[in-house]
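Enquirer: I'd like to ask you about the structure that follows.
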Amino acid sequence: MLSGRCPSPVAAWFGGRGLLPPGLAAAPRSLPPAPLLLWAGSGGVARPGSPCSRHTVNVSFDLDVPLKRPAHGGCPSRPSEPVAAGTAQNRRHCSLLRGGMKSPEEEFKWLLQEEVHAVLRQLQDILKEASHRFALPTSGSGGAVKQENFVLSTSGTDQVKGVMTLQGDALCQADVNLKMPRNNQLLHFAFREDKQWKLQQIQDARNHVNQAIYLLMNRDVNYQFKTGLEVLKLMDAVMLQLSRARNRLTTPATLTLPEIASSGLTKMFTPALPPDILVNFYINLNKLCLTVYQLHVMQPTTTKNFKPAGGSVLHNPGAMFEFGSQRYEVSHVHKVECVVPWLNDALVFFTVSLQLCQQLKDKISVFSSYWNYRPY
(Lines give C-alpha, C1' and ligand atoms only; values in the text may rest on other atoms or scores of the structure.)
Protein backbone atom coordinates (compact mmCIF):
# COMPACT_ATOMS: atom_id res chain seq x y z
CA MET A 1 0.00 0.00 0.00
CA LEU A 2 1.22 3.46 -0.76
CA SER A 3 1.41 5.86 2.08
CA GLY A 4 -0.65 9.02 1.96
CA ARG A 5 2.52 10.93 2.81
CA CYS A 6 4.50 11.06 -0.41
CA PRO A 7 8.19 11.96 -0.69
CA SER A 8 8.95 15.65 -0.49
CA PRO A 9 10.03 16.07 -4.15
CA VAL A 10 6.74 14.61 -5.33
CA ALA A 11 4.77 16.66 -2.80
CA ALA A 12 6.53 19.79 -4.01
CA TRP A 13 5.79 18.92 -7.64
CA PHE A 14 2.08 18.47 -6.95
CA GLY A 15 1.93 21.48 -4.63
CA GLY A 16 3.26 23.74 -7.37
CA ARG A 17 0.45 22.60 -9.68
CA GLY A 18 -2.46 22.67 -7.28
CA LEU A 19 -2.67 18.88 -7.11
CA LEU A 20 -2.28 16.60 -4.12
CA PRO A 21 -1.65 12.86 -4.03
CA PRO A 22 -4.27 10.56 -2.51
CA GLY A 23 -4.53 10.77 1.25
CA LEU A 24 -3.50 14.43 1.41
CA ALA A 25 -6.84 15.75 0.21
CA ALA A 26 -10.29 14.28 -0.09
CA ALA A 27 -11.08 13.70 -3.72
CA PRO A 28 -14.55 14.67 -4.92
CA ARG A 29 -16.43 11.76 -6.38
CA SER A 30 -19.17 13.79 -8.05
CA LEU A 31 -19.97 17.24 -9.27
CA PRO A 32 -19.18 20.10 -6.91
CA PRO A 33 -22.24 21.40 -5.08
CA ALA A 34 -24.23 24.09 -6.78
CA PRO A 35 -22.98 27.56 -5.87
CA LEU A 36 -24.72 29.62 -3.24
CA LEU A 37 -26.08 32.79 -4.71
CA LEU A 38 -26.61 35.96 -2.77
CA TRP A 39 -30.01 37.41 -3.44
CA ALA A 40 -30.61 41.02 -2.59
CA GLY A 41 -33.69 43.16 -2.71
CA SER A 42 -31.84 46.38 -3.38
CA GLY A 43 -32.96 48.68 -6.15
CA GLY A 44 -29.88 48.23 -8.34
CA VAL A 45 -27.54 45.44 -9.24
CA ALA A 46 -26.53 43.49 -6.19
CA ARG A 47 -22.78 43.27 -5.50
CA PRO A 48 -20.77 41.60 -2.75
CA GLY A 49 -21.17 43.68 0.38
CA SER A 50 -23.87 45.92 -1.07
CA PRO A 51 -27.12 43.92 -0.77
CA CYS A 52 -29.73 44.56 1.87
CA SER A 53 -28.38 42.63 4.85
CA ARG A 54 -31.83 42.01 6.29
CA HIS A 55 -33.22 40.44 3.17
CA THR A 56 -30.24 38.56 1.73
CA VAL A 57 -30.73 34.79 1.64
CA ASN A 58 -28.60 31.86 0.53
CA VAL A 59 -30.29 29.55 -1.94
CA SER A 60 -29.06 26.51 -3.79
CA PHE A 61 -28.70 27.00 -7.50
CA ASP A 62 -30.78 24.62 -9.62
CA LEU A 63 -31.13 25.08 -13.37
CA ASP A 64 -34.49 23.30 -13.29
CA VAL A 65 -36.05 25.82 -10.89
CA PRO A 66 -37.08 29.28 -12.21
CA LEU A 67 -35.38 32.24 -10.62
CA LYS A 68 -37.37 33.87 -7.85
CA ARG A 69 -36.64 36.86 -5.69
CA PRO A 70 -37.44 36.96 -1.97
CA ALA A 71 -40.57 39.03 -1.41
CA HIS A 72 -40.50 41.83 1.15
CA GLY A 73 -42.40 45.06 1.29
CA GLY A 74 -39.43 47.13 2.35
CA CYS A 75 -37.36 46.31 -0.74
CA PRO A 76 -37.91 47.49 -4.32
CA SER A 77 -39.88 45.14 -6.49
CA ARG A 78 -37.45 44.79 -9.39
CA PRO A 79 -35.76 41.36 -9.57
CA SER A 80 -32.26 41.09 -8.19
CA GLU A 81 -29.27 39.70 -10.03
CA PRO A 82 -27.38 36.76 -8.62
CA VAL A 83 -23.91 37.52 -7.34
CA ALA A 84 -21.12 35.04 -7.79
CA ALA A 85 -19.56 33.77 -4.60
CA GLY A 86 -16.50 31.56 -4.42
CA THR A 87 -14.79 29.42 -6.96
CA ALA A 88 -14.28 29.74 -10.67
CA GLN A 89 -16.86 27.00 -11.13
CA ASN A 90 -19.39 29.15 -9.28
CA ARG A 91 -18.48 32.22 -11.30
CA ARG A 92 -19.05 30.21 -14.47
CA HIS A 93 -22.54 29.20 -13.35
CA CYS A 94 -23.37 32.78 -12.46
CA SER A 95 -22.13 34.12 -15.77
CA LEU A 96 -24.49 31.69 -17.45
CA LEU A 97 -27.32 33.20 -15.44
CA ARG A 98 -26.44 36.75 -16.42
CA GLY A 99 -26.45 35.75 -20.07
CA GLY A 100 -29.71 33.84 -19.72
CA MET A 101 -30.55 30.34 -18.62
CA LYS A 102 -28.63 27.58 -20.40
CA SER A 103 -30.03 24.18 -21.17
CA PRO A 104 -28.56 20.99 -19.70
CA GLU A 105 -27.32 20.12 -23.17
CA GLU A 106 -25.33 23.37 -23.33
CA GLU A 107 -23.94 22.81 -19.86
CA PHE A 108 -22.85 19.31 -20.80
CA LYS A 109 -21.29 20.65 -24.01
CA TRP A 110 -19.22 23.05 -21.90
CA LEU A 111 -18.04 20.12 -19.79
CA LEU A 112 -16.95 18.18 -22.88
CA GLN A 113 -15.24 21.13 -24.58
CA GLU A 114 -13.56 22.86 -21.64
CA GLU A 115 -13.20 20.79 -18.50
CA VAL A 116 -12.22 17.56 -20.24
CA HIS A 117 -9.26 19.27 -21.91
CA ALA A 118 -8.18 20.77 -18.59
CA VAL A 119 -8.02 17.28 -17.07
CA LEU A 120 -6.16 15.93 -20.10
CA ARG A 121 -3.52 18.65 -19.69
CA GLN A 122 -3.10 17.72 -16.02
CA LEU A 123 -2.72 14.06 -16.91
CA GLN A 124 -0.11 14.82 -19.55
CA ASP A 125 1.95 16.87 -17.08
CA ILE A 126 1.82 14.16 -14.42
CA LEU A 127 2.62 11.27 -16.77
CA LYS A 128 5.49 13.11 -18.45
CA GLU A 129 6.95 13.61 -14.98
CA ALA A 130 6.48 9.90 -14.29
CA SER A 131 8.19 9.04 -17.58
CA HIS A 132 11.14 11.23 -16.64
CA ARG A 133 11.52 9.23 -13.43
CA PHE A 134 12.22 6.11 -15.46
CA ALA A 135 14.78 7.81 -17.69
CA LEU A 136 16.69 9.76 -15.01
CA PRO A 137 18.78 11.80 -17.49
CA THR A 138 21.93 13.36 -16.12
CA SER A 139 22.04 17.14 -16.49
CA GLY A 140 24.43 18.28 -19.20
CA SER A 141 25.18 14.75 -20.42
CA GLY A 142 23.17 14.85 -23.62
CA GLY A 143 20.44 12.53 -22.39
CA ALA A 144 22.71 9.90 -20.81
CA VAL A 145 21.10 7.90 -18.00
CA LYS A 146 22.91 8.19 -14.72
CA GLN A 147 23.96 5.20 -12.64
CA GLU A 148 22.73 4.68 -9.10
CA ASN A 149 24.27 2.33 -6.55
CA PHE A 150 22.10 0.42 -4.08
CA VAL A 151 23.15 -1.74 -1.16
CA LEU A 152 20.92 -4.76 -0.65
CA SER A 153 21.00 -6.31 2.81
CA THR A 154 18.79 -7.41 5.69
CA SER A 155 19.03 -6.22 9.27
CA GLY A 156 20.33 -8.74 11.79
CA THR A 157 22.02 -11.04 9.30
CA ASP A 158 24.93 -10.90 6.91
CA GLN A 159 24.26 -14.12 5.01
CA VAL A 160 23.82 -12.19 1.77
CA LYS A 161 24.96 -8.71 0.83
CA GLY A 162 24.73 -7.14 -2.58
CA VAL A 163 25.78 -3.89 -4.22
CA MET A 164 23.79 -3.21 -7.39
CA THR A 165 24.25 -0.47 -9.97
CA LEU A 166 20.98 0.48 -11.65
CA GLN A 167 20.98 2.50 -14.86
CA GLY A 168 17.43 3.15 -15.98
CA ASP A 169 15.90 -0.26 -16.60
CA ALA A 170 19.22 -2.16 -16.58
CA LEU A 171 21.37 -3.65 -13.85
CA CYS A 172 24.80 -2.82 -15.22
CA GLN A 173 26.77 -4.07 -12.21
CA ALA A 174 26.09 -6.56 -9.42
CA ASP A 175 28.41 -7.61 -6.65
CA VAL A 176 27.11 -10.36 -4.34
CA ASN A 177 28.64 -11.88 -1.21
CA LEU A 178 27.13 -15.09 0.16
CA LYS A 179 28.09 -16.74 3.43
CA MET A 180 27.37 -20.47 3.33
CA PRO A 181 25.43 -21.42 6.48
CA ARG A 182 27.07 -24.78 7.07
CA ASN A 183 30.78 -23.91 6.99
CA ASN A 184 30.64 -20.07 6.90
CA GLN A 185 32.51 -20.16 3.61
CA LEU A 186 32.29 -16.78 1.87
CA LEU A 187 31.40 -16.83 -1.81
CA HIS A 188 31.81 -13.78 -4.00
CA PHE A 189 30.51 -13.35 -7.54
CA ALA A 190 29.87 -10.33 -9.75
CA PHE A 191 28.56 -9.42 -13.19
CA ARG A 192 30.98 -9.75 -16.05
CA GLU A 193 32.07 -6.37 -17.36
CA ASP A 194 30.47 -6.95 -20.74
CA LYS A 195 27.07 -7.93 -19.32
CA GLN A 196 23.94 -6.03 -18.30
CA TRP A 197 20.65 -7.45 -17.05
CA LYS A 198 17.47 -5.77 -18.26
CA LEU A 199 14.73 -5.48 -15.65
CA GLN A 200 11.72 -6.23 -17.83
CA GLN A 201 9.28 -4.90 -15.23
CA ILE A 202 10.73 -1.38 -15.40
CA GLN A 203 10.94 -1.49 -19.18
CA ASP A 204 7.31 -2.61 -19.50
CA ALA A 205 6.06 -0.02 -17.00
CA ARG A 206 7.80 2.77 -18.89
CA ASN A 207 6.35 1.57 -22.20
CA HIS A 208 2.82 1.56 -20.75
CA VAL A 209 3.29 5.12 -19.43
CA ASN A 210 4.49 6.32 -22.83
CA GLN A 211 1.50 4.65 -24.47
CA ALA A 212 -0.85 6.48 -22.07
CA ILE A 213 0.87 9.79 -22.94
CA TYR A 214 0.43 9.02 -26.65
CA LEU A 215 -3.31 8.43 -26.17
CA LEU A 216 -3.69 11.75 -24.35
CA MET A 217 -1.65 13.76 -26.87
CA ASN A 218 -3.74 12.37 -29.73
CA ARG A 219 -6.50 14.75 -28.56
CA ASP A 220 -5.04 18.24 -28.90
CA VAL A 221 -6.63 21.38 -27.50
CA ASN A 222 -8.59 21.96 -30.71
CA TYR A 223 -10.21 18.55 -30.66
CA GLN A 224 -13.91 18.67 -29.81
CA PHE A 225 -15.39 15.80 -27.82
CA LYS A 226 -18.95 15.26 -28.99
CA THR A 227 -20.26 12.62 -26.57
CA GLY A 228 -19.66 11.46 -23.04
CA LEU A 229 -19.04 7.96 -24.36
CA GLU A 230 -16.05 9.25 -26.32
CA VAL A 231 -14.47 10.63 -23.14
CA LEU A 232 -15.23 7.47 -21.18
CA LYS A 233 -13.57 5.32 -23.84
CA LEU A 234 -10.47 7.50 -23.79
CA MET A 235 -10.27 7.39 -20.00
CA ASP A 236 -10.73 3.61 -20.03
CA ALA A 237 -7.87 3.24 -22.52
CA VAL A 238 -5.57 5.51 -20.48
CA MET A 239 -6.50 3.78 -17.21
CA LEU A 240 -5.79 0.39 -18.78
CA GLN A 241 -2.23 1.46 -19.64
CA LEU A 242 -1.69 3.02 -16.21
CA SER A 243 -3.03 -0.06 -14.42
CA ARG A 244 -0.71 -2.26 -16.45
CA ALA A 245 2.24 0.01 -15.66
CA ARG A 246 1.47 -0.10 -11.95
CA ASN A 247 0.83 -3.84 -11.96
CA ARG A 248 4.20 -4.52 -13.59
CA LEU A 249 5.89 -2.89 -10.60
CA THR A 250 3.59 -4.23 -7.89
CA THR A 251 3.23 -7.80 -9.17
CA PRO A 252 6.52 -9.59 -9.93
CA ALA A 253 6.42 -12.48 -12.36
CA THR A 254 5.85 -15.95 -10.92
CA LEU A 255 8.67 -18.24 -12.08
CA THR A 256 9.31 -21.93 -11.60
CA LEU A 257 12.70 -23.03 -10.29
CA PRO A 258 13.63 -24.61 -13.66
CA GLU A 259 12.86 -21.26 -15.32
CA ILE A 260 15.21 -19.50 -12.89
CA ALA A 261 17.87 -22.18 -13.42
CA SER A 262 17.71 -21.81 -17.20
CA SER A 263 17.64 -18.01 -17.11
CA GLY A 264 20.44 -16.11 -18.79
CA LEU A 265 21.08 -14.44 -15.44
CA THR A 266 23.01 -17.51 -14.28
CA LYS A 267 25.57 -16.96 -17.07
CA MET A 268 26.31 -13.34 -16.23
CA PHE A 269 28.55 -13.85 -13.22
CA THR A 270 32.27 -14.29 -12.81
CA PRO A 271 33.33 -16.59 -11.38
CA ALA A 272 30.47 -18.75 -12.63
CA LEU A 273 27.76 -19.58 -10.11
CA PRO A 274 28.13 -22.97 -8.41
CA PRO A 275 25.57 -25.54 -9.62
CA ASP A 276 23.87 -25.50 -6.21
CA ILE A 277 23.20 -21.70 -6.28
CA LEU A 278 20.37 -19.86 -8.05
CA VAL A 279 19.80 -16.10 -8.07
CA ASN A 280 16.89 -13.91 -9.20
CA PHE A 281 16.38 -10.15 -9.43
CA TYR A 282 12.98 -8.48 -9.55
CA ILE A 283 11.03 -5.35 -8.63
CA ASN A 284 8.38 -5.43 -5.91
CA LEU A 285 6.52 -2.11 -5.49
CA ASN A 286 9.30 0.44 -4.93
CA LYS A 287 12.02 -2.09 -4.05
CA LEU A 288 14.80 -3.83 -5.93
CA CYS A 289 14.97 -7.42 -4.66
CA LEU A 290 17.61 -10.13 -4.86
CA THR A 291 16.82 -13.75 -3.97
CA VAL A 292 19.50 -16.41 -3.55
CA TYR A 293 18.54 -20.09 -3.41
CA GLN A 294 20.86 -22.74 -2.03
CA LEU A 295 20.15 -26.24 -3.33
CA HIS A 296 21.08 -29.79 -2.51
CA VAL A 297 20.93 -32.75 -4.84
CA MET A 298 18.23 -35.25 -4.02
CA GLN A 299 19.45 -38.81 -3.70
CA PRO A 300 17.72 -41.51 -5.76
CA THR A 301 16.41 -43.12 -2.58
CA THR A 302 14.49 -39.94 -1.68
CA THR A 303 12.92 -39.20 -5.04
CA LYS A 304 9.88 -41.33 -4.31
CA ASN A 305 8.43 -38.29 -2.48
CA PHE A 306 9.39 -35.93 -5.26
CA LYS A 307 6.77 -33.21 -5.85
CA PRO A 308 7.91 -30.44 -8.21
CA ALA A 309 7.03 -26.93 -7.10
CA GLY A 310 4.96 -24.63 -9.32
CA GLY A 311 5.58 -21.02 -10.19
CA SER A 312 6.10 -18.48 -7.41
CA VAL A 313 7.66 -15.09 -6.76
CA LEU A 314 9.54 -16.51 -3.77
CA HIS A 315 10.09 -20.25 -3.26
CA ASN A 316 10.38 -21.66 0.25
CA PRO A 317 12.89 -24.17 1.62
CA GLY A 318 11.80 -27.68 0.73
CA ALA A 319 10.66 -26.76 -2.79
CA MET A 320 11.68 -29.41 -5.30
CA PHE A 321 12.38 -29.29 -9.02
CA GLU A 322 14.05 -31.19 -11.81
CA PHE A 323 16.59 -29.60 -14.09
CA GLY A 324 18.44 -31.53 -16.73
CA SER A 325 18.64 -35.07 -15.46
CA GLN A 326 19.01 -34.09 -11.80
CA ARG A 327 16.48 -33.44 -9.07
CA TYR A 328 17.05 -30.69 -6.50
CA GLU A 329 15.55 -29.42 -3.28
CA VAL A 330 15.85 -25.88 -1.92
CA SER A 331 17.70 -25.95 1.39
CA HIS A 332 18.05 -22.21 2.16
CA VAL A 333 16.48 -19.03 0.81
CA HIS A 334 18.00 -15.57 1.26
CA LYS A 335 16.21 -12.41 0.20
CA VAL A 336 17.65 -8.90 0.36
CA GLU A 337 16.15 -5.67 -0.95
CA CYS A 338 16.43 -1.89 -0.96
CA VAL A 339 14.12 1.01 -1.79
CA VAL A 340 14.52 2.76 -5.15
CA PRO A 341 13.15 6.27 -4.46
CA TRP A 342 12.16 7.14 -8.04
CA LEU A 343 10.09 3.96 -8.29
CA ASN A 344 8.11 5.19 -5.30
CA ASP A 345 7.61 8.53 -7.07
CA ALA A 346 6.38 6.76 -10.20
CA LEU A 347 3.83 4.73 -8.22
CA VAL A 348 2.48 7.94 -6.66
CA PHE A 349 2.13 9.52 -10.12
CA PHE A 350 0.29 6.41 -11.36
CA THR A 351 -2.14 6.53 -8.44
CA VAL A 352 -2.89 10.24 -8.85
CA SER A 353 -3.38 9.85 -12.61
CA LEU A 354 -5.78 6.94 -12.15
CA GLN A 355 -7.69 9.00 -9.60
CA LEU A 356 -8.01 11.95 -12.01
CA CYS A 357 -9.27 9.64 -14.78
CA GLN A 358 -11.87 8.11 -12.46
CA GLN A 359 -13.00 11.53 -11.24
CA LEU A 360 -13.59 12.69 -14.82
CA LYS A 361 -15.53 9.51 -15.59
CA ASP A 362 -17.63 9.99 -12.46
CA LYS A 363 -18.31 13.62 -13.26
CA ILE A 364 -19.56 12.85 -16.76
CA SER A 365 -21.68 9.93 -15.57
CA VAL A 366 -23.17 11.78 -12.59
CA PHE A 367 -23.80 14.90 -14.64
CA SER A 368 -25.63 13.06 -17.41
CA SER A 369 -27.61 11.05 -14.91
CA TYR A 370 -28.52 14.12 -12.85
CA TRP A 371 -29.89 16.00 -15.86
CA ASN A 372 -31.43 12.88 -17.36
CA TYR A 373 -29.48 13.76 -20.48
CA ARG A 374 -27.38 11.03 -22.06
CA PRO A 375 -25.72 11.72 -25.38
CA TYR A 376 -24.46 8.14 -25.43
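Lettering and numbering for the C-alpha coordinates are positional, with chains as A, B, ... in the shown order, residues counted from 1 in each chain, and ligands counted from 1 in the shown order.
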Would you write out, as a Markdown table, a table of all residues in stretch 232-332 of chain A that have an atom no more than 6 Å from an atom of stretch 191-200 of chain A, listing for each the closest atom pair and the distance in Å to one decimal, considering only C-alpha atoms and ordering rows by chain and rising residue number?

Expert:
```
| residue | atom | partner | partner_atom | distance |
| --- | --- | --- | --- | --- |
| A:Met268 | CA | A:Phe191 | CA | 5.4 |
| A:Phe269 | CA | A:Phe191 | CA | 4.4 |
| A:Thr270 | CA | A:Arg192 | CA | 5.7 |
```

Enquirer: Got a sec: who's within 6 Å of A:Val292, counting only C-alpha atoms, leaving out chain neighbours fewer than 2 positions off, as JSON, numbers by chain?

Expert: {"A": [278, 279, 333, 334]}

Enquirer: Ranking A:Ile260, A:Leu255, A:Leu273, A:Leu234 by minimum distance to A:Leu120 and counting only C-alpha atoms, which one comes first?

Expert: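 Answer, going by the shortest atom-to-atom distance: A:Leu234.
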
Enquirer: Determine which residues of stretch 196-375 of chain A DSSP labels as strand (DSSP E) from the backbone of this structure, then write them out as a ChimeraX atom specification.

Expert: /A:197-198,269-270,277-284,287-297,320-323,326-339

Enquirer: Do a neighbour search on A:Ala118 at 12 Å with only C-alpha atoms, toss out local chain neighbours closer than 3 positions, and write the hits as a list in words.

Expert: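 Contacts, with the query itself left out: Trp110, Leu111, Leu112, Gln113, Glu114, Glu115, Arg121, Gln122, Leu123, Gln124, Asp125, Leu216, Arg219, Asp220, Val221, Leu356, Cys357 and Leu360 of chain A.
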
Enquirer: Could you save those same residues with all heavy atoms as a short mmCIF file (atom, residue, chain, number, x, y, z; two decimals), in the first residue's frame?

Expert:
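Contents of result.cif, freshly written:
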```
data_model
loop_
_atom_site.label_atom_id
_atom_site.label_comp_id
_atom_site.auth_asym_id
_atom_site.auth_seq_id
_atom_site.Cartn_x
_atom_site.Cartn_y
_atom_site.Cartn_z
N TRP A 110 -20.34 22.33 -22.52
CA TRP A 110 -19.22 23.05 -21.90
C TRP A 110 -18.29 22.08 -21.19
O TRP A 110 -17.05 22.20 -21.28
CB TRP A 110 -19.75 24.08 -20.90
CG TRP A 110 -18.64 24.83 -20.21
CD1 TRP A 110 -18.06 26.00 -20.59
CD2 TRP A 110 -17.95 24.41 -19.03
NE1 TRP A 110 -17.06 26.35 -19.72
CE2 TRP A 110 -16.97 25.39 -18.75
CE3 TRP A 110 -18.07 23.32 -18.17
CZ2 TRP A 110 -16.11 25.30 -17.66
CZ3 TRP A 110 -17.21 23.22 -17.09
CH2 TRP A 110 -16.25 24.21 -16.84
N LEU A 111 -18.85 21.11 -20.49
CA LEU A 111 -18.04 20.12 -19.79
C LEU A 111 -17.15 19.36 -20.77
O LEU A 111 -15.96 19.17 -20.53
CB LEU A 111 -18.95 19.14 -19.04
CG LEU A 111 -18.27 17.99 -18.29
CD1 LEU A 111 -17.45 18.52 -17.14
CD2 LEU A 111 -19.31 17.00 -17.80
N LEU A 112 -17.72 18.95 -21.90
CA LEU A 112 -16.95 18.18 -22.88
C LEU A 112 -15.87 19.04 -23.54
O LEU A 112 -14.77 18.55 -23.81
CB LEU A 112 -17.89 17.63 -23.96
CG LEU A 112 -18.91 16.57 -23.53
CD1 LEU A 112 -19.79 16.19 -24.71
CD2 LEU A 112 -18.22 15.35 -22.96
N GLN A 113 -16.16 20.31 -23.81
CA GLN A 113 -15.24 21.13 -24.58
C GLN A 113 -14.18 21.81 -23.73
O GLN A 113 -13.09 22.09 -24.23
CB GLN A 113 -16.02 22.18 -25.37
CG GLN A 113 -16.93 21.59 -26.45
CD GLN A 113 -17.69 22.66 -27.21
OE1 GLN A 113 -17.67 23.83 -26.83
NE2 GLN A 113 -18.37 22.26 -28.28
N GLU A 114 -14.48 22.09 -22.46
CA GLU A 114 -13.56 22.86 -21.64
C GLU A 114 -12.91 22.01 -20.53
O GLU A 114 -11.70 21.89 -20.45
CB GLU A 114 -14.28 24.06 -21.01
CG GLU A 114 -14.91 25.01 -22.02
CD GLU A 114 -13.87 25.71 -22.88
OE1 GLU A 114 -12.72 25.84 -22.41
OE2 GLU A 114 -14.22 26.12 -24.00
N GLU A 115 -13.75 21.46 -19.68
CA GLU A 115 -13.20 20.79 -18.50
C GLU A 115 -12.44 19.52 -18.85
O GLU A 115 -11.44 19.20 -18.21
CB GLU A 115 -14.33 20.48 -17.51
CG GLU A 115 -13.81 20.02 -16.15
CD GLU A 115 -14.84 20.21 -15.05
OE1 GLU A 115 -15.83 20.91 -15.30
OE2 GLU A 115 -14.63 19.65 -13.99
N ARG A 121 -4.79 17.93 -19.86
CA ARG A 121 -3.52 18.65 -19.69
C ARG A 121 -2.85 18.26 -18.37
O ARG A 121 -1.63 18.08 -18.31
CB ARG A 121 -3.75 20.16 -19.77
CG ARG A 121 -4.02 20.67 -21.17
CD ARG A 121 -3.94 22.19 -21.22
NE ARG A 121 -4.99 22.81 -20.41
CZ ARG A 121 -6.20 23.11 -20.88
NH1 ARG A 121 -6.51 22.83 -22.14
NH2 ARG A 121 -7.09 23.69 -20.11
N GLN A 122 -3.65 18.15 -17.31
CA GLN A 122 -3.10 17.72 -16.02
C GLN A 122 -2.50 16.33 -16.12
O GLN A 122 -1.40 16.07 -15.63
CB GLN A 122 -4.19 17.74 -14.95
CG GLN A 122 -4.60 19.12 -14.48
CD GLN A 122 -5.63 19.05 -13.36
OE1 GLN A 122 -6.24 18.01 -13.15
NE2 GLN A 122 -5.83 20.15 -12.68
N LEU A 123 -3.21 15.43 -16.76
CA LEU A 123 -2.72 14.06 -16.91
C LEU A 123 -1.42 14.01 -17.70
O LEU A 123 -0.49 13.27 -17.34
CB LEU A 123 -3.78 13.20 -17.59
CG LEU A 123 -5.00 12.83 -16.74
CD1 LEU A 123 -6.08 12.19 -17.62
CD2 LEU A 123 -4.61 11.88 -15.61
N GLN A 124 -1.34 14.80 -18.77
CA GLN A 124 -0.11 14.82 -19.55
C GLN A 124 1.07 15.30 -18.71
O GLN A 124 2.16 14.72 -18.76
CB GLN A 124 -0.28 15.72 -20.77
CG GLN A 124 -1.17 15.14 -21.86
CD GLN A 124 -1.22 16.04 -23.09
OE1 GLN A 124 -0.22 16.61 -23.50
NE2 GLN A 124 -2.41 16.20 -23.66
N ASP A 125 0.87 16.36 -17.92
CA ASP A 125 1.95 16.87 -17.08
C ASP A 125 2.42 15.81 -16.08
O ASP A 125 3.63 15.62 -15.88
CB ASP A 125 1.48 18.12 -16.33
CG ASP A 125 1.31 19.32 -17.24
OD1 ASP A 125 1.84 19.29 -18.37
OD2 ASP A 125 0.62 20.29 -16.84
N LEU A 216 -3.24 10.43 -24.78
CA LEU A 216 -3.69 11.75 -24.35
C LEU A 216 -3.31 12.83 -25.37
O LEU A 216 -4.09 13.75 -25.65
CB LEU A 216 -3.08 12.09 -23.00
CG LEU A 216 -3.57 11.24 -21.81
CD1 LEU A 216 -2.70 11.49 -20.59
CD2 LEU A 216 -5.03 11.56 -21.49
N ARG A 219 -5.37 13.81 -28.63
CA ARG A 219 -6.50 14.75 -28.56
C ARG A 219 -5.95 16.13 -28.20
O ARG A 219 -5.76 16.44 -27.02
CB ARG A 219 -7.52 14.31 -27.51
CG ARG A 219 -7.98 12.88 -27.61
CD ARG A 219 -8.81 12.63 -28.87
NE ARG A 219 -9.55 11.39 -28.79
CZ ARG A 219 -9.07 10.20 -29.08
NH1 ARG A 219 -7.78 10.07 -29.43
NH2 ARG A 219 -9.82 9.12 -29.02
N ASP A 220 -5.62 16.93 -29.20
CA ASP A 220 -5.04 18.24 -28.90
C ASP A 220 -6.12 19.19 -28.42
O ASP A 220 -7.31 18.84 -28.34
CB ASP A 220 -4.30 18.80 -30.12
CG ASP A 220 -5.21 18.99 -31.33
OD1 ASP A 220 -6.43 19.12 -31.13
OD2 ASP A 220 -4.70 19.02 -32.46
N VAL A 221 -5.71 20.42 -28.12
CA VAL A 221 -6.63 21.38 -27.50
C VAL A 221 -7.76 21.78 -28.45
O VAL A 221 -8.81 22.25 -28.00
CB VAL A 221 -5.86 22.64 -27.04
CG1 VAL A 221 -4.93 22.32 -25.91
CG2 VAL A 221 -5.09 23.26 -28.21
N LEU A 356 -7.49 10.88 -11.15
CA LEU A 356 -8.01 11.95 -12.01
C LEU A 356 -8.89 11.37 -13.12
O LEU A 356 -9.95 11.93 -13.44
CB LEU A 356 -6.85 12.74 -12.61
CG LEU A 356 -6.17 13.77 -11.72
CD1 LEU A 356 -4.97 14.38 -12.44
CD2 LEU A 356 -7.15 14.86 -11.32
N CYS A 357 -8.46 10.27 -13.73
CA CYS A 357 -9.27 9.64 -14.78
C CYS A 357 -10.63 9.21 -14.22
O CYS A 357 -11.67 9.44 -14.85
CB CYS A 357 -8.53 8.43 -15.35
SG CYS A 357 -7.06 8.82 -16.32
N LEU A 360 -12.97 12.16 -13.60
CA LEU A 360 -13.59 12.69 -14.82
C LEU A 360 -14.71 11.76 -15.29
O LEU A 360 -15.77 12.23 -15.71
CB LEU A 360 -12.53 12.85 -15.90
CG LEU A 360 -13.02 13.44 -17.23
CD1 LEU A 360 -13.66 14.81 -17.02
CD2 LEU A 360 -11.87 13.54 -18.23
#
```

Enquirer: From the list A:Glu322, A:Leu229, A:Arg246, A:Val238, which residue is nearest A:Leu215 when using only C-alpha atoms?

Expert: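 Going through A:Glu322, A:Leu229, A:Arg246, A:Val238 one by one, the smallest distance to A:Leu215 is for A:Val238.
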
Enquirer: Which residues come within 7 Å of A:Phe189, counting only C-alpha atoms, excluding same-chain residues fewer than 2 positions away, as a VMD selection string?

Expert: chain A and resid 175 to 177 187 269 to 271

Enquirer: Pick the closest to A:Ala174 from A:Leu265, A:Ala319, A:Val313, A:Ile202: which is it, counting only C-alpha atoms?

Expert: A:Leu265

Enquirer: Take atom CA of A:Tyr293 and atom CA of A:Lys179 and report the distance between them in Å, one decimal.

Expert: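 A separation of 12.2 Å between them.
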
Enquirer: Go ahead and compute the interatomic distance for atom CA of A:Asn210 and atom CA of A:Gln241, in Å to one decimal.

Expert: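 Interatomic distance, atom CA of A:Asn210 to atom CA of A:Gln241: 8.9 Å.
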